[in-house]
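Raw contents of query-v7.cif, mmCIF, C-alpha atoms:
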```cif
data_target
loop_
_atom_site.label_atom_id
_atom_site.label_comp_id
_atom_site.auth_asym_id
_atom_site.auth_seq_id
_atom_site.Cartn_x
_atom_site.Cartn_y
_atom_site.Cartn_z
CA MET V 1 -6.00 -5.11 -16.64
CA SER V 2 -8.02 -1.97 -15.87
CA LYS V 3 -7.55 1.61 -17.04
CA ALA V 4 -6.13 4.35 -14.85
CA CYS V 5 -8.67 5.56 -12.30
CA VAL V 6 -9.12 6.94 -8.81
CA ILE V 7 -10.78 4.56 -6.36
CA ASN V 8 -12.35 6.00 -3.20
CA GLU V 9 -12.36 3.35 -0.51
CA LYS V 10 -15.73 4.70 0.67
CA ASP V 11 -17.21 3.41 -2.63
CA CYS V 12 -15.86 -0.11 -1.99
CA PRO V 13 -18.20 -2.30 0.08
CA PHE V 14 -16.91 -4.33 2.99
CA TYR V 15 -17.84 -7.98 3.23
CA ASN V 16 -17.61 -10.14 6.32
CA VAL V 17 -14.87 -12.71 6.85
CA ALA V 18 -14.04 -14.85 9.87
CA TRP V 19 -11.44 -12.31 11.01
CA GLY V 20 -13.62 -9.20 10.63
CA GLN V 21 -14.36 -7.41 7.38
CA THR V 22 -12.46 -6.75 4.17
CA LYS V 23 -12.87 -4.91 0.88
CA GLY V 24 -10.96 -4.85 -2.37
CA ILE V 25 -9.46 -1.55 -3.53
CA LEU V 26 -7.40 -2.92 -6.43
CA ALA V 27 -8.77 -6.44 -6.57
CA ALA V 28 -10.85 -8.88 -8.57
CA GLU V 29 -14.06 -7.65 -6.92
CA SER V 30 -13.22 -3.95 -7.27
CA VAL V 31 -13.66 -1.52 -10.18
CA ALA V 32 -9.96 -1.94 -11.04
CA SER V 33 -7.57 -4.86 -10.90
CA ASN V 34 -4.02 -5.68 -11.99
CA PRO V 35 -2.36 -9.12 -12.16
CA ASP V 36 0.75 -7.83 -10.35
CA LEU V 37 -0.95 -6.15 -7.38
CA GLN V 38 -3.79 -6.77 -4.97
CA ILE V 39 -4.68 -4.00 -2.52
CA ARG V 40 -7.42 -4.23 0.09
CA ILE V 41 -8.51 -2.73 3.38
CA THR V 42 -9.12 -5.22 6.14
CA GLU V 43 -10.39 -4.64 9.67
CA TYR V 44 -9.45 -7.38 12.12
CA LYS V 45 -12.13 -7.61 14.76
CA PRO V 46 -11.32 -7.15 18.46
CA PHE V 47 -9.56 -10.08 20.14
CA TRP V 48 -9.06 -11.96 16.85
CA GLU V 49 -6.14 -14.38 16.62
CA HIS V 50 -5.32 -15.64 13.15
CA SER V 51 -3.52 -18.96 13.05
CA LEU V 52 -0.23 -19.19 11.17
CA HIS V 53 -0.78 -19.59 7.43
CA VAL V 54 1.22 -19.33 4.21
CA HIS V 55 0.80 -17.65 0.82
CA PRO V 56 3.12 -19.85 -1.25
CA ARG V 57 3.56 -17.43 -4.15
CA GLN V 58 2.61 -13.99 -2.85
CA ALA V 59 4.68 -11.38 -1.06
CA GLU V 60 2.51 -9.44 1.40
CA VAL V 61 2.76 -6.14 3.23
CA ILE V 62 0.33 -5.22 6.01
CA PHE V 63 0.41 -1.43 6.55
CA VAL V 64 -1.43 -0.33 9.70
CA LEU V 65 -3.91 2.52 9.25
CA SER V 66 -5.47 2.56 12.74
CA GLY V 67 -5.62 0.42 15.83
CA SER V 68 -2.77 -1.82 16.91
CA GLY V 69 -1.99 -5.50 16.93
CA VAL V 70 0.66 -8.14 16.54
CA SER V 71 2.43 -9.66 13.53
CA GLU V 72 3.53 -13.22 14.17
CA THR V 73 5.97 -15.46 12.31
CA GLN V 74 7.85 -18.55 13.46
CA GLU V 75 10.60 -16.18 14.61
CA GLY V 76 8.33 -14.45 17.10
CA ARG V 77 5.72 -11.77 17.63
CA ASN V 78 6.12 -8.05 16.92
CA PRO V 79 3.78 -5.21 17.82
CA ILE V 80 2.27 -3.29 14.90
CA PHE V 81 0.63 0.16 15.07
CA PRO V 82 -0.07 3.05 12.70
CA GLY V 83 2.92 3.66 10.43
CA CYS V 84 4.18 0.08 10.71
CA ALA V 85 4.46 -2.22 7.71
CA ALA V 86 4.69 -5.97 8.36
CA TYR V 87 6.55 -7.53 5.43
CA ILE V 88 5.94 -11.23 4.73
CA PRO V 89 7.87 -12.80 1.82
CA ALA V 90 6.14 -15.54 -0.18
CA GLY V 91 6.21 -18.89 1.59
CA VAL V 92 6.69 -17.54 5.13
CA GLU V 93 4.26 -18.68 7.82
CA HIS V 94 2.60 -15.67 9.43
CA ALA V 95 -0.46 -14.46 11.31
CA THR V 96 -2.01 -11.16 12.34
CA LEU V 97 -3.54 -10.79 15.80
CA ASN V 98 -5.70 -8.08 17.31
CA PRO V 99 -5.59 -8.41 21.10
CA ASN V 100 -7.36 -5.07 21.61
CA PRO V 101 -11.00 -3.96 21.98
CA GLU V 102 -10.80 -1.71 18.87
CA PRO V 103 -10.67 -2.93 15.25
CA LEU V 104 -7.21 -3.16 13.68
CA ARG V 105 -7.52 -1.44 10.27
CA VAL V 106 -4.83 -2.22 7.72
CA LEU V 107 -3.98 -1.80 4.06
CA ILE V 108 -3.04 -5.20 2.64
CA ILE V 109 -0.77 -5.28 -0.39
CA LYS V 110 0.01 -8.54 -2.20
CA SER V 111 2.06 -9.32 -5.28
CA PRO V 112 1.21 -11.04 -7.53
CA ALA V 113 -2.53 -10.35 -7.18
CA ASP V 114 -3.52 -14.02 -7.50
CA LEU V 115 -6.89 -13.05 -8.94
CA GLN V 116 -8.05 -16.66 -9.02
CA LYS V 117 -8.33 -16.75 -5.24
CA MET C 6 14.86 -10.81 -1.00
CA SER C 7 14.65 -9.92 2.69
CA LYS C 8 13.29 -11.91 5.64
CA ALA C 9 9.93 -11.20 7.26
CA CYS C 10 10.09 -8.11 9.47
CA VAL C 11 8.13 -5.15 10.78
CA ILE C 12 9.24 -1.80 9.41
CA ASN C 13 8.26 1.35 11.34
CA GLU C 14 8.13 4.28 8.95
CA LYS C 15 9.52 6.50 11.73
CA ASP C 16 12.79 4.54 11.43
CA CYS C 17 13.01 5.24 7.67
CA PRO C 18 14.72 8.54 6.83
CA PHE C 19 13.23 10.95 4.33
CA TYR C 20 15.43 12.33 1.58
CA ASN C 21 14.70 15.37 -0.52
CA VAL C 22 13.50 15.18 -4.10
CA ALA C 23 12.34 17.91 -6.47
CA TRP C 24 8.69 17.23 -5.56
CA GLY C 25 9.16 17.19 -1.77
CA GLN C 26 10.53 14.30 0.25
CA THR C 27 10.35 10.52 0.01
CA LYS C 28 11.46 7.46 1.93
CA GLY C 29 11.58 3.76 1.17
CA ILE C 30 9.55 1.40 3.35
CA LEU C 31 10.00 -1.77 1.26
CA ALA C 32 12.66 -0.53 -1.15
CA ALA C 33 16.26 -0.85 -2.20
CA GLU C 34 17.36 1.74 0.39
CA SER C 35 15.25 0.27 3.22
CA VAL C 36 15.93 -2.57 5.64
CA ALA C 37 13.74 -4.87 3.52
CA SER C 38 13.13 -5.18 -0.21
CA ASN C 39 11.37 -7.50 -2.61
CA PRO C 40 11.70 -7.67 -6.42
CA ASP C 41 7.90 -7.71 -6.86
CA LEU C 42 7.00 -4.71 -4.67
CA GLN C 43 8.26 -1.25 -3.90
CA ILE C 44 6.52 0.70 -1.13
CA ARG C 45 7.42 4.22 -0.11
CA ILE C 46 5.98 7.25 1.64
CA THR C 47 6.20 10.46 -0.34
CA GLU C 48 5.20 13.98 0.68
CA TYR C 49 4.48 16.29 -2.25
CA LYS C 50 5.34 19.82 -1.24
CA PRO C 51 2.73 22.60 -1.35
CA PHE C 52 1.89 23.92 -4.82
CA TRP C 53 3.92 21.21 -6.61
CA GLU C 54 2.88 20.24 -10.13
CA HIS C 55 4.48 17.11 -11.50
CA SER C 56 4.63 16.96 -15.29
CA LEU C 57 3.17 13.91 -17.02
CA HIS C 58 5.58 10.96 -16.98
CA VAL C 59 5.51 7.22 -17.61
CA HIS C 60 6.76 4.10 -15.85
CA PRO C 61 6.95 1.73 -18.81
CA ARG C 62 6.98 -1.53 -16.81
CA GLN C 63 5.55 -0.68 -13.40
CA ALA C 64 1.98 -0.57 -12.19
CA GLU C 65 1.57 2.12 -9.52
CA VAL C 66 -0.96 2.91 -6.81
CA ILE C 67 -0.88 6.21 -4.92
CA PHE C 68 -2.86 5.86 -1.66
CA VAL C 69 -3.48 9.17 0.09
CA LEU C 70 -2.64 9.27 3.80
CA SER C 71 -3.17 12.99 4.48
CA GLY C 72 -3.62 16.22 2.58
CA SER C 73 -5.31 16.37 -0.78
CA GLY C 74 -4.31 16.85 -4.39
CA VAL C 75 -4.96 15.88 -7.97
CA SER C 76 -4.17 12.79 -10.05
CA GLU C 77 -3.75 13.62 -13.73
CA THR C 78 -3.72 11.40 -16.82
CA GLN C 79 -4.35 12.24 -20.44
CA GLU C 80 -8.02 11.54 -19.76
CA GLY C 81 -8.27 14.35 -17.21
CA ARG C 82 -7.73 15.38 -13.62
CA ASN C 83 -9.32 13.79 -10.57
CA PRO C 84 -9.22 15.00 -6.96
CA ILE C 85 -7.51 12.72 -4.45
CA PHE C 86 -7.86 12.86 -0.66
CA PRO C 87 -7.45 10.48 2.28
CA GLY C 88 -8.88 7.06 1.44
CA CYS C 89 -8.40 7.52 -2.31
CA ALA C 90 -6.14 5.25 -4.36
CA ALA C 91 -4.98 6.51 -7.76
CA TYR C 92 -4.29 3.45 -9.93
CA ILE C 93 -1.86 3.89 -12.84
CA PRO C 94 -1.23 0.84 -15.06
CA ALA C 95 2.26 0.44 -16.54
CA GLY C 96 2.81 2.65 -19.56
CA VAL C 97 0.14 5.25 -18.74
CA GLU C 98 1.18 8.90 -18.63
CA HIS C 99 0.34 10.40 -15.26
CA ALA C 100 1.20 13.14 -12.78
CA THR C 101 0.42 14.01 -9.17
CA LEU C 102 -0.27 17.62 -8.23
CA ASN C 103 -0.56 19.32 -4.86
CA PRO C 104 -2.33 22.64 -5.32
CA ASN C 105 -2.71 23.18 -1.56
CA PRO C 106 -0.63 24.85 1.16
CA GLU C 107 -0.24 21.58 3.13
CA PRO C 108 1.95 18.62 2.12
CA LEU C 109 0.19 15.77 0.29
CA ARG C 110 1.32 12.58 2.06
CA VAL C 111 0.88 9.33 0.14
CA LEU C 112 1.83 5.67 0.22
CA ILE C 113 3.29 4.74 -3.16
CA ILE C 114 3.09 1.11 -4.22
CA LYS C 115 4.81 -0.13 -7.39
CA SER C 116 5.09 -3.56 -8.97
CA PRO C 117 7.60 -4.77 -9.98
CA ALA C 118 9.95 -2.98 -7.59
CA ASP C 119 12.45 -2.05 -10.29
CA LEU C 120 15.28 -2.02 -7.77
CA GLN C 121 17.76 -0.82 -10.37
CA LYS C 122 16.15 2.62 -10.47
#
```
Rendering of file as structure tokens:
Amino acid sequence: MSKACVINEKDCPFYNVAWGQTKGILAAESVASNPDLQIRITEYKPFWEHSLHVHPRQAEVIFVLSGSGVSETQEGRNPIFPGCAAYIPAGVEHATLNPNPEPLRVLIIKSPADLQK
Amino acid sequence: MSKACVINEKDCPFYNVAWGQTKGILAAESVASNPDLQIRITEYKPFWEHSLHVHPRQAEVIFVLSGSGVSETQEGRNPIFPGCAAYIPAGVEHATLNPNPEPLRVLIIKSPADLQK
């Protein structure tokens, strides 16, 4: 568990993932981490379609910072845009899609942090 | 524990508090809640100075959406502005200050949610 601090996302390096790029803000790879919370900024690349997947133990919130996209669960698809928070309880199949030509930039919040992953 | 959903912050009503206004996004008063996470949007009013206080059991992250301010702990004061995340472990005395004439708008993330409060 880290000490109190202020983390500027500009000091956190992105790394590439299949769905675009991501960086830890409060995360195992960041300057501060906490077992109860993982916070990261992810940019889904244009025209990306995640397939449905599950985090068995983690609740997740995807808060849109810029761009727009779609949050999918087995109950359907919902548009997401700045100011929207997609809430995914642990164990629920979900996916995030970016059908647009601009990146979809989101704050991802998970609890617990699951630092082993 | 609520089902998966998309919450638009525009559908969440602000209510007044001493330090400005606040609204639950994933919170006891919102359409969705989770025992592990509380997420809210708070606007600190111009020239507000919170006094140091403690959440004994909750880790907290204050992610700045717009405006700028100061995050204070007993170790000192640090400026916060859009893209900054102030991380406060459980049990650490802290305060948020807005010394400016514009509201300081932040996303507040706490774990656990502490729904009784």
Taking (-9.3, -6.2, 9.9) in the file's coordinates as the center, which residues reach within 9 Å of it, counting only C-alpha atoms, put as a PDB file with C-alpha atoms, in the coordinates of the input?
```pdb
ATOM      1  CA  TRP V  19     -11.440 -12.310  11.010  1.00  0.00           C
ATOM      2  CA  GLY V  20     -13.620  -9.200  10.630  1.00  0.00           C
ATOM      3  CA  GLN V  21     -14.360  -7.410   7.380  1.00  0.00           C
ATOM      4  CA  THR V  22     -12.460  -6.750   4.170  1.00  0.00           C
ATOM      5  CA  ILE V  41      -8.510  -2.730   3.380  1.00  0.00           C
ATOM      6  CA  THR V  42      -9.120  -5.220   6.140  1.00  0.00           C
ATOM      7  CA  GLU V  43     -10.390  -4.640   9.670  1.00  0.00           C
ATOM      8  CA  TYR V  44      -9.450  -7.380  12.120  1.00  0.00           C
ATOM      9  CA  LYS V  45     -12.130  -7.610  14.760  1.00  0.00           C
ATOM     10  CA  PRO V  46     -11.320  -7.150  18.460  1.00  0.00           C
ATOM     11  CA  ASN V  98      -5.700  -8.080  17.310  1.00  0.00           C
ATOM     12  CA  PRO V 103     -10.670  -2.930  15.250  1.00  0.00           C
ATOM     13  CA  LEU V 104      -7.210  -3.160  13.680  1.00  0.00           C
ATOM     14  CA  ARG V 105      -7.520  -1.440  10.270  1.00  0.00           C
ATOM     15  CA  VAL V 106      -4.830  -2.220   7.720  1.00  0.00           C
TER      16      VAL V 106
END
```
Give me the box for range 91-99 of chain V as lines of an AutoDock Vina configuration file, namely the centre and edge lengths in Å to one decimal of a box along x, y and z that holds every listed atom plus 8 Å on each side.
```
center_x = 0.5
center_y = -13.5
center_z = 11.3
size_x = 28.4
size_y = 26.8
size_z = 35.5
```
Under the rule of at most 6 Å, produce a per-residue listing of chain V near chain C: chain, number, name, the closest pair of atoms, and the distance in Å, as JSON lines, using all atoms listed in the file.
```
{"residue": "V:Ala4", "atom": "CA", "partner": "C:Ile93", "partner_atom": "CA", "distance": 4.7}
{"residue": "V:Cys5", "atom": "CA", "partner": "C:Tyr92", "partner_atom": "CA", "distance": 5.4}
{"residue": "V:Val6", "atom": "CA", "partner": "C:Ala91", "partner_atom": "CA", "distance": 4.3}
{"residue": "V:Ile7", "atom": "CA", "partner": "C:Ala90", "partner_atom": "CA", "distance": 5.1}
{"residue": "V:Asn8", "atom": "CA", "partner": "C:Cys89", "partner_atom": "CA", "distance": 4.3}
{"residue": "V:Glu9", "atom": "CA", "partner": "C:Gly88", "partner_atom": "CA", "distance": 5.4}
{"residue": "V:Gly83", "atom": "CA", "partner": "C:Glu14", "partner_atom": "CA", "distance": 5.5}
{"residue": "V:Cys84", "atom": "CA", "partner": "C:Asn13", "partner_atom": "CA", "distance": 4.3}
{"residue": "V:Ala85", "atom": "CA", "partner": "C:Ile12", "partner_atom": "CA", "distance": 5.1}
{"residue": "V:Ala86", "atom": "CA", "partner": "C:Val11", "partner_atom": "CA", "distance": 4.3}
{"residue": "V:Tyr87", "atom": "CA", "partner": "C:Ala9", "partner_atom": "CA", "distance": 5.3}
{"residue": "V:Ile88", "atom": "CA", "partner": "C:Ala9", "partner_atom": "CA", "distance": 4.7}
```
Let's have chain V fitted on chain C; use all the C-alpha atoms paired in order for the least-squares step and return it as a short mmCIF file (atom, residue, chain, number, x, y, z; two decimals) with C-alpha atoms, in the frame of the given file.
```cif
data_model
loop_
_atom_site.label_atom_id
_atom_site.label_comp_id
_atom_site.auth_asym_id
_atom_site.auth_seq_id
_atom_site.Cartn_x
_atom_site.Cartn_y
_atom_site.Cartn_z
CA MET V 1 14.86 -10.82 -1.01
CA SER V 2 14.64 -9.93 2.69
CA LYS V 3 13.28 -11.91 5.63
CA ALA V 4 9.94 -11.20 7.26
CA CYS V 5 10.09 -8.11 9.47
CA VAL V 6 8.13 -5.16 10.78
CA ILE V 7 9.24 -1.79 9.43
CA ASN V 8 8.26 1.36 11.34
CA GLU V 9 8.13 4.27 8.95
CA LYS V 10 9.51 6.49 11.72
CA ASP V 11 12.80 4.53 11.42
CA CYS V 12 13.01 5.24 7.67
CA PRO V 13 14.73 8.54 6.83
CA PHE V 14 13.24 10.94 4.33
CA TYR V 15 15.42 12.33 1.59
CA ASN V 16 14.69 15.39 -0.51
CA VAL V 17 13.49 15.19 -4.11
CA ALA V 18 12.34 17.92 -6.48
CA TRP V 19 8.70 17.23 -5.56
CA GLY V 20 9.17 17.20 -1.77
CA GLN V 21 10.53 14.31 0.26
CA THR V 22 10.36 10.53 0.02
CA LYS V 23 11.46 7.45 1.93
CA GLY V 24 11.57 3.76 1.16
CA ILE V 25 9.55 1.39 3.36
CA LEU V 26 10.00 -1.75 1.25
CA ALA V 27 12.65 -0.53 -1.15
CA ALA V 28 16.26 -0.85 -2.21
CA GLU V 29 17.35 1.74 0.37
CA SER V 30 15.26 0.28 3.21
CA VAL V 31 15.94 -2.58 5.64
CA ALA V 32 13.75 -4.86 3.50
CA SER V 33 13.15 -5.17 -0.21
CA ASN V 34 11.36 -7.51 -2.62
CA PRO V 35 11.69 -7.66 -6.42
CA ASP V 36 7.89 -7.72 -6.86
CA LEU V 37 7.00 -4.73 -4.67
CA GLN V 38 8.25 -1.25 -3.91
CA ILE V 39 6.52 0.70 -1.14
CA ARG V 40 7.42 4.23 -0.09
CA ILE V 41 5.99 7.26 1.64
CA THR V 42 6.20 10.47 -0.33
CA GLU V 43 5.20 13.98 0.68
CA TYR V 44 4.50 16.29 -2.25
CA LYS V 45 5.34 19.82 -1.24
CA PRO V 46 2.73 22.60 -1.35
CA PHE V 47 1.87 23.91 -4.82
CA TRP V 48 3.91 21.22 -6.60
CA GLU V 49 2.88 20.25 -10.12
CA HIS V 50 4.50 17.12 -11.51
CA SER V 51 4.64 16.95 -15.28
CA LEU V 52 3.16 13.91 -17.02
CA HIS V 53 5.57 10.97 -16.98
CA VAL V 54 5.51 7.22 -17.62
CA HIS V 55 6.74 4.09 -15.83
CA PRO V 56 6.95 1.73 -18.81
CA ARG V 57 6.97 -1.51 -16.82
CA GLN V 58 5.55 -0.68 -13.39
CA ALA V 59 1.97 -0.58 -12.18
CA GLU V 60 1.56 2.12 -9.51
CA VAL V 61 -0.96 2.91 -6.81
CA ILE V 62 -0.88 6.21 -4.92
CA PHE V 63 -2.86 5.84 -1.66
CA VAL V 64 -3.48 9.17 0.09
CA LEU V 65 -2.64 9.26 3.80
CA SER V 66 -3.17 12.99 4.48
CA GLY V 67 -3.62 16.21 2.58
CA SER V 68 -5.32 16.37 -0.80
CA GLY V 69 -4.30 16.82 -4.39
CA VAL V 70 -4.96 15.88 -7.97
CA SER V 71 -4.17 12.79 -10.06
CA GLU V 72 -3.75 13.62 -13.73
CA THR V 73 -3.71 11.40 -16.81
CA GLN V 74 -4.34 12.23 -20.46
CA GLU V 75 -8.02 11.53 -19.76
CA GLY V 76 -8.27 14.33 -17.23
CA ARG V 77 -7.73 15.38 -13.64
CA ASN V 78 -9.31 13.80 -10.56
CA PRO V 79 -9.23 15.01 -6.97
CA ILE V 80 -7.51 12.71 -4.46
CA PHE V 81 -7.86 12.85 -0.66
CA PRO V 82 -7.45 10.48 2.28
CA GLY V 83 -8.88 7.06 1.44
CA CYS V 84 -8.40 7.51 -2.31
CA ALA V 85 -6.14 5.25 -4.36
CA ALA V 86 -4.99 6.51 -7.76
CA TYR V 87 -4.29 3.46 -9.93
CA ILE V 88 -1.86 3.90 -12.85
CA PRO V 89 -1.22 0.84 -15.06
CA ALA V 90 2.26 0.43 -16.55
CA GLY V 91 2.82 2.65 -19.57
CA VAL V 92 0.14 5.25 -18.74
CA GLU V 93 1.17 8.91 -18.64
CA HIS V 94 0.33 10.40 -15.26
CA ALA V 95 1.20 13.13 -12.78
CA THR V 96 0.42 14.02 -9.18
CA LEU V 97 -0.26 17.63 -8.22
CA ASN V 98 -0.55 19.33 -4.86
CA PRO V 99 -2.33 22.66 -5.32
CA ASN V 100 -2.71 23.18 -1.56
CA PRO V 101 -0.62 24.86 1.16
CA GLU V 102 -0.25 21.58 3.13
CA PRO V 103 1.95 18.62 2.12
CA LEU V 104 0.20 15.78 0.29
CA ARG V 105 1.33 12.57 2.06
CA VAL V 106 0.88 9.33 0.15
CA LEU V 107 1.83 5.67 0.23
CA ILE V 108 3.30 4.74 -3.15
CA ILE V 109 3.09 1.11 -4.22
CA LYS V 110 4.81 -0.12 -7.39
CA SER V 111 5.09 -3.55 -8.97
CA PRO V 112 7.58 -4.78 -9.98
CA ALA V 113 9.94 -2.98 -7.58
CA ASP V 114 12.45 -2.05 -10.29
CA LEU V 115 15.28 -2.03 -7.76
CA GLN V 116 17.77 -0.83 -10.35
CA LYS V 117 16.19 2.61 -10.42
#
```
Find the spatial neighbours of His50 in chain V, counting all atoms listed in the file, within a cut-off of 7 Å - ignore same-chain residues fewer than 2 positions away - and output them as a list in words. Trp48, Leu52, Ala95, Thr96 and Leu97 of chain V
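Counting from CA of Ile108 in chain V, the distance to CA of Ala27 in chain V is 10.9 Å.
Between CA of Glu107 in chain C and CA of Glu34 in chain C the interatomic distance comes to 26.7 Å.
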